[in-house]
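Content type mmCIF, C-alpha atoms, from the file work19.cif:
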```cif
data_input
loop_
_atom_site.group_PDB
_atom_site.id
_atom_site.type_symbol
_atom_site.label_atom_id
_atom_site.label_comp_id
_atom_site.auth_asym_id
_atom_site.auth_seq_id
_atom_site.Cartn_x
_atom_site.Cartn_y
_atom_site.Cartn_z
ATOM 1 C CA MET A 1 -56.837 -11.283 10.277
ATOM 2 C CA LEU A 2 -55.260 -14.286 8.564
ATOM 3 C CA ARG A 3 -56.295 -12.899 5.189
ATOM 4 C CA SER A 4 -54.608 -9.580 6.016
ATOM 5 C CA ILE A 5 -51.352 -11.324 6.997
ATOM 6 C CA LEU A 6 -51.357 -13.441 3.847
ATOM 7 C CA THR A 7 -51.913 -10.451 1.550
ATOM 8 C CA THR A 8 -49.394 -8.256 3.364
ATOM 9 C CA PHE A 9 -46.579 -10.850 3.655
ATOM 10 C CA PRO A 10 -45.869 -11.164 -0.093
ATOM 11 C CA ARG A 11 -45.649 -7.386 -0.315
ATOM 12 C CA LEU A 12 -43.222 -7.255 2.620
ATOM 13 C CA ALA A 13 -41.125 -10.020 1.067
ATOM 14 C CA LEU A 14 -41.064 -8.119 -2.235
ATOM 15 C CA LEU A 15 -40.074 -4.930 -0.398
ATOM 16 C CA GLY A 16 -37.241 -6.803 1.375
ATOM 17 C CA ILE A 17 -35.940 -8.190 -1.914
ATOM 18 C CA THR A 18 -36.108 -4.721 -3.493
ATOM 19 C CA ILE A 19 -34.087 -3.215 -0.632
ATOM 20 C CA PHE A 20 -31.517 -6.044 -0.862
ATOM 21 C CA ILE A 21 -31.091 -5.572 -4.627
ATOM 22 C CA GLY A 22 -30.799 -1.814 -4.154
ATOM 23 C CA ALA A 23 -28.062 -2.292 -1.560
ATOM 24 C CA CYS A 24 -26.130 -4.588 -3.888
ATOM 25 C CA ALA A 25 -26.369 -2.067 -6.706
ATOM 26 C CA SER A 26 -24.420 0.527 -4.699
ATOM 27 C CA THR A 27 -21.396 -1.775 -4.349
ATOM 28 C CA PRO A 28 -18.610 -0.777 -6.752
ATOM 29 C CA ASN A 29 -18.094 -3.087 -9.737
ATOM 30 C CA THR A 30 -14.596 -4.084 -10.816
ATOM 31 C CA TYR A 31 -13.505 -5.146 -14.278
ATOM 32 C CA SER A 32 -10.288 -6.485 -15.704
ATOM 33 C CA ASN A 33 -8.858 -7.289 -19.126
ATOM 34 C CA VAL A 34 -5.553 -9.026 -19.708
ATOM 35 C CA ASP A 35 -3.532 -9.665 -22.850
ATOM 36 C CA SER A 36 -3.481 -13.465 -22.968
ATOM 37 C CA ALA A 37 -0.155 -13.384 -24.851
ATOM 38 C CA ALA A 38 1.606 -11.398 -22.098
ATOM 39 C CA ASP A 39 4.023 -13.372 -19.921
ATOM 40 C CA PHE A 40 3.947 -11.554 -16.595
ATOM 41 C CA THR A 41 6.876 -13.602 -15.250
ATOM 42 C CA GLN A 42 9.229 -11.675 -17.554
ATOM 43 C CA TYR A 43 8.412 -8.325 -15.913
ATOM 44 C CA LYS A 44 10.318 -7.317 -12.777
ATOM 45 C CA THR A 45 10.020 -3.524 -12.570
ATOM 46 C CA PHE A 46 7.310 -0.890 -12.899
ATOM 47 C CA GLY A 47 7.066 2.856 -13.180
ATOM 48 C CA PHE A 48 4.614 5.567 -14.140
ATOM 49 C CA TYR A 49 4.177 7.706 -17.214
ATOM 50 C CA LYS A 50 5.793 11.116 -16.755
ATOM 51 C CA LYS A 51 2.491 12.862 -17.508
ATOM 52 C CA LEU A 52 -0.402 10.876 -16.084
ATOM 53 C CA ALA A 53 -3.923 11.299 -17.445
ATOM 54 C CA THR A 54 -5.017 12.254 -13.899
ATOM 55 C CA ASP A 55 -2.526 15.145 -13.674
ATOM 56 C CA LYS A 56 -3.449 18.772 -14.221
ATOM 57 C CA GLU A 57 -1.863 20.738 -17.045
ATOM 58 C CA ASN A 58 1.212 21.986 -15.180
ATOM 59 C CA TYR A 59 1.320 19.945 -11.984
ATOM 60 C CA GLU A 60 0.732 16.557 -10.374
ATOM 61 C CA SER A 61 -2.780 16.261 -8.931
ATOM 62 C CA THR A 62 -3.643 14.996 -5.466
ATOM 63 C CA GLU A 63 -5.449 12.069 -7.103
ATOM 64 C CA SER A 64 -2.282 11.142 -9.026
ATOM 65 C CA ARG A 65 -0.191 11.221 -5.839
ATOM 66 C CA TYR A 66 -2.647 8.962 -4.002
ATOM 67 C CA LEU A 67 -2.978 6.615 -6.998
ATOM 68 C CA LYS A 68 0.795 6.293 -7.378
ATOM 69 C CA ALA A 69 1.252 5.511 -3.667
ATOM 70 C CA ALA A 70 -1.539 2.886 -3.622
ATOM 71 C CA THR A 71 -0.377 1.303 -6.890
ATOM 72 C CA THR A 72 3.250 1.228 -5.743
ATOM 73 C CA ARG A 73 2.135 -0.624 -2.619
ATOM 74 C CA GLU A 74 0.145 -3.167 -4.683
ATOM 75 C CA MET A 75 2.940 -3.726 -7.224
ATOM 76 C CA GLN A 76 5.600 -4.149 -4.504
ATOM 77 C CA GLN A 77 3.401 -6.685 -2.700
ATOM 78 C CA ARG A 78 3.501 -8.671 -5.941
ATOM 79 C CA GLY A 79 7.295 -8.636 -6.119
ATOM 80 C CA PHE A 80 7.777 -5.751 -8.564
ATOM 81 C CA THR A 81 10.371 -3.039 -7.961
ATOM 82 C CA TYR A 82 9.971 0.638 -8.845
ATOM 83 C CA SER A 83 12.311 1.861 -11.587
ATOM 84 C CA GLU A 84 12.806 4.955 -13.746
ATOM 85 C CA GLN A 85 13.496 2.514 -16.649
ATOM 86 C CA PRO A 86 10.641 0.074 -15.991
ATOM 87 C CA ASP A 87 9.516 -3.150 -17.649
ATOM 88 C CA LEU A 88 5.918 -1.965 -17.103
ATOM 89 C CA LYS A 89 4.512 1.562 -17.255
ATOM 90 C CA ILE A 90 1.301 2.520 -15.478
ATOM 91 C CA ASN A 91 -1.253 5.215 -16.220
ATOM 92 C CA PHE A 92 -4.559 6.208 -14.595
ATOM 93 C CA TYR A 93 -7.837 7.608 -15.852
ATOM 94 C CA ILE A 94 -10.669 9.001 -13.759
ATOM 95 C CA GLU A 95 -14.064 9.922 -15.128
ATOM 96 C CA SER A 96 -17.296 10.950 -13.485
ATOM 97 C CA ASP A 97 -20.820 11.075 -14.868
ATOM 98 C CA GLU A 98 -24.042 12.394 -13.433
ATOM 99 C CA LYS A 99 -26.648 9.623 -13.292
ATOM 100 C CA ILE A 100 -30.345 9.418 -12.586
ATOM 101 C CA ARG A 101 -31.892 6.253 -11.196
ATOM 102 C CA SER A 102 -35.566 5.625 -10.722
ATOM 103 C CA ARG A 103 -37.079 2.734 -8.865
ATOM 104 C CA GLN A 104 -40.524 1.674 -7.881
ATOM 105 C CA THR A 105 -41.349 0.133 -4.550
ATOM 106 C CA PRO A 106 -44.636 -1.564 -3.829
ATOM 107 C CA THR A 107 -46.942 0.033 -1.312
ATOM 108 C CA ALA A 108 -49.846 -1.516 0.532
ATOM 109 C CA GLY A 109 -52.892 0.435 1.468
ATOM 110 C CA GLY A 110 -56.456 0.223 2.448
ATOM 111 C CA TYR A 111 -59.589 2.270 2.207
ATOM 112 C CA TYR A 112 -58.616 5.456 4.105
ATOM 113 C CA GLY A 113 -56.254 3.391 6.250
ATOM 114 C CA TYR A 114 -59.050 1.340 7.786
ATOM 115 C CA ARG A 115 -61.282 -1.431 6.545
ATOM 116 C CA GLY A 116 -58.176 -2.807 4.803
ATOM 117 C CA SER A 117 -58.420 -6.058 6.676
ATOM 118 C CA TYR A 118 -62.106 -6.302 5.913
ATOM 119 C CA TYR A 119 -61.845 -5.902 2.132
ATOM 120 C CA GLY A 120 -58.193 -6.892 1.762
ATOM 121 C CA ALA A 121 -55.373 -4.526 1.088
ATOM 122 C CA TRP A 122 -54.512 -3.343 -2.365
ATOM 123 C CA GLY A 123 -51.367 -1.660 -3.332
ATOM 124 C CA GLY A 124 -49.669 0.498 -5.797
ATOM 125 C CA TYR A 125 -46.159 1.661 -6.446
ATOM 126 C CA GLU A 126 -44.189 4.595 -5.194
ATOM 127 C CA THR A 127 -41.598 5.952 -7.626
ATOM 128 C CA GLN A 128 -38.352 7.351 -6.255
ATOM 129 C CA ILE A 129 -35.827 9.220 -8.363
ATOM 130 C CA ASP A 130 -32.211 9.641 -7.236
ATOM 131 C CA GLN A 131 -29.503 11.733 -8.841
ATOM 132 C CA TYR A 132 -25.925 10.721 -8.105
ATOM 133 C CA THR A 133 -22.391 10.897 -9.461
ATOM 134 C CA GLU A 134 -20.826 7.701 -10.766
ATOM 135 C CA GLY A 135 -17.052 7.524 -10.903
ATOM 136 C CA THR A 136 -14.798 5.257 -12.953
ATOM 137 C CA LEU A 137 -11.132 4.622 -12.223
ATOM 138 C CA ASN A 138 -9.049 2.830 -14.860
ATOM 139 C CA ILE A 139 -5.538 1.551 -14.235
ATOM 140 C CA ASP A 140 -3.587 0.743 -17.404
ATOM 141 C CA VAL A 141 -0.425 -1.367 -17.381
ATOM 142 C CA VAL A 142 1.609 -1.069 -20.578
ATOM 143 C CA ASP A 143 4.668 -2.896 -21.907
ATOM 144 C CA PRO A 144 6.853 0.050 -23.052
ATOM 145 C CA GLN A 145 8.910 -2.193 -25.378
ATOM 146 C CA THR A 146 5.877 -3.140 -27.472
ATOM 147 C CA GLU A 147 3.777 -0.084 -26.510
ATOM 148 C CA LYS A 148 0.824 -2.418 -25.867
ATOM 149 C CA LEU A 149 -1.694 -2.399 -23.088
ATOM 150 C CA ILE A 150 -1.238 -5.757 -21.359
ATOM 151 C CA TRP A 151 -3.626 -5.283 -18.441
ATOM 152 C CA GLU A 152 -6.352 -2.872 -17.479
ATOM 153 C CA GLY A 153 -8.379 -2.829 -14.336
ATOM 154 C CA ALA A 154 -11.357 -0.624 -13.622
ATOM 155 C CA ILE A 155 -13.734 0.104 -10.803
ATOM 156 C CA VAL A 156 -17.090 1.858 -11.140
ATOM 157 C CA GLY A 157 -19.126 3.148 -8.217
ATOM 158 C CA LYS A 158 -20.946 6.036 -6.590
ATOM 159 C CA ILE A 159 -18.975 9.089 -5.552
ATOM 160 C CA THR A 160 -20.422 10.064 -2.207
ATOM 161 C CA GLN A 161 -19.634 12.965 0.090
ATOM 162 C CA ASP A 162 -17.717 10.495 2.285
ATOM 163 C CA VAL A 163 -15.522 9.542 -0.686
ATOM 164 C CA LEU A 164 -14.757 13.210 -1.392
ATOM 165 C CA GLU A 165 -13.949 13.940 2.255
ATOM 166 C CA ASN A 166 -11.736 10.827 2.594
ATOM 167 C CA LEU A 167 -10.187 10.733 -0.875
ATOM 168 C CA GLU A 168 -6.931 8.999 0.042
ATOM 169 C CA ALA A 169 -8.719 6.156 1.873
ATOM 170 C CA ALA A 170 -11.241 5.812 -0.966
ATOM 171 C CA ILE A 171 -8.458 5.616 -3.566
ATOM 172 C CA ASN A 172 -6.544 3.070 -1.466
ATOM 173 C CA GLU A 173 -9.640 0.867 -1.253
ATOM 174 C CA ALA A 174 -10.443 1.258 -4.958
ATOM 175 C CA VAL A 175 -6.897 0.349 -6.046
ATOM 176 C CA LEU A 176 -6.870 -2.638 -3.670
ATOM 177 C CA ASN A 177 -10.130 -3.909 -5.203
ATOM 178 C CA VAL A 178 -8.898 -3.418 -8.769
ATOM 179 C CA TYR A 179 -5.621 -5.232 -8.059
ATOM 180 C CA LYS A 180 -7.496 -8.291 -6.818
ATOM 181 C CA HIS A 181 -7.875 -8.996 -10.557
ATOM 182 C CA PHE A 182 -4.218 -8.396 -11.476
ATOM 183 C CA PRO A 183 -2.598 -11.472 -13.097
ATOM 184 C CA VAL A 184 0.160 -11.589 -10.443
ATOM 185 C CA GLN A 185 -1.204 -12.063 -6.934
ATOM 186 C CA PRO A 186 0.553 -10.820 -3.763
ATOM 187 C CA ILE A 187 3.508 -12.848 -2.628
ATOM 188 C CA THR A 188 2.650 -14.838 0.468
ATOM 189 C CA PRO A 189 5.337 -14.397 3.114
ATOM 190 C CA THR A 190 7.230 -17.560 3.931
ATOM 191 C CA PRO A 191 6.363 -18.745 7.457
ATOM 192 C CA ALA A 192 9.193 -18.386 10.015
ATOM 193 C CA GLN A 193 10.920 -21.652 10.776
#
```

Can the structure in the file be given as structure tokens, please?
Amino acid sequence: MLRSILTTFPRLALLGITIFIGACASTPNTYSNVDSAADFTQYKTFGFYKKLATDKENYESTESRYLKAATTREMQQRGFTYSEQPDLKINFYIESDEKIRSRQTPTAGGYYGYRGSYYGAWGGYETQIDQYTEGTLNIDVVDPQTEKLIWEGAIVGKITQDVLENLEAAINEAVLNVYKHFPVQPITPTPAQ
């Protein structure tokens, strides 16, 4: 009995670690690049490119509308004001790719399911293959005077059915996570005196 517990426990611990790592892998990853020469204190206003990369040929897409609303909220929380003649211009890019992921998980077994404790359990690996869609959202912030990209933020994660059915909420959350890396953080309200 003790031998069975000792041989099974490491396998269970390995299985637990595998599940934990797998859960972490499904969390979206955010990235950010900033032009170190850019002085963000000189910028006061923001706006959007007339034709966003997320728009359709002859009309504004739903994604663009949601992205503009979420980005406006984030920029205003940082003290920027919307303008048709902005100090900063913003554009968006969305891309999706089909991915395949395989993983192996250890299995424990015995001789026909019995006598395992007598001879000790031996294991193998079970291979699982998943197909999923990975989405990338890029937010570009450009100085229109110099026509240089001064900040870009990106988020990469799985596009699930829940994301598709709740697109506005998913975009709001994605933009919020990307803006956590923006060089200007939200203005903290002054406490009432």

Excluding A:Asn138 and its own-chain neighbours fewer than 6 positions away, which residues fall within 8 Å of it when counting all atoms listed in the file? Please give them as number ranges by chain.
A: 92-94, 152-155

On this structure, which residues satisfy the PyMOL selection byres ((chain A and resi 87) around 6), written as a VMD selection string?
chain A and resid 43 45 to 46 86 88

Would you mind reading off the distance between atom CA of A:Thr54 and atom CA of A:Pro183, one decimal, in Å?
23.9 Å

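The residues caught by the PyMOL selection byres ((chain A and resi 151) around 6) in this file are Asn33, Val34, Val141, Leu149, Ile150 and Glu152 of chain A.
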
A:Gln128 surroundings by only C-alpha atoms, 7 Å radius, close-in-sequence under 4 positions cut, as a ChimeraX atom specification:
/A:102-104

Keeping C-alpha atoms, export the residues of the selection given above as a compact mmCIF listing (two decimals), in the frame of the given file.
```txt
# COMPACT_ATOMS: atom_id res chain seq x y z
CA SER A 102 -35.57 5.62 -10.72
CA ARG A 103 -37.08 2.73 -8.86
CA GLN A 104 -40.52 1.67 -7.88
```

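Interatomic distance, atom CA of A:Tyr179 to atom CA of A:Lys99: 26.3 Å.
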
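Distances from A:Leu67, A:Leu176, A:Ile90, A:Ile100 to A:Gly47 were compared using all atoms listed in the file, and the smallest one belongs to A:Ile90.
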
Test item: residues at most 7 Å from stretch 78-82 of chain A, all atoms listed in the file, excluding those fewer than 3 positions along its chain, as an mmCIF file with C-alpha atoms, keeping the file's coordinate frame:
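As written to disk, result_12.cif reads:
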```
data_model
loop_
_atom_site.group_PDB
_atom_site.id
_atom_site.type_symbol
_atom_site.label_atom_id
_atom_site.label_comp_id
_atom_site.auth_asym_id
_atom_site.auth_seq_id
_atom_site.Cartn_x
_atom_site.Cartn_y
_atom_site.Cartn_z
ATOM 1 C CA LYS A 44 10.318 -7.317 -12.777
ATOM 2 C CA THR A 45 10.020 -3.524 -12.570
ATOM 3 C CA PHE A 46 7.310 -0.890 -12.899
ATOM 4 C CA GLY A 47 7.066 2.856 -13.180
ATOM 5 C CA GLU A 74 0.145 -3.167 -4.683
ATOM 6 C CA MET A 75 2.940 -3.726 -7.224
ATOM 7 C CA VAL A 184 0.160 -11.589 -10.443
ATOM 8 C CA GLN A 185 -1.204 -12.063 -6.934
ATOM 9 C CA PRO A 186 0.553 -10.820 -3.763
ATOM 10 C CA ILE A 187 3.508 -12.848 -2.628
#
```
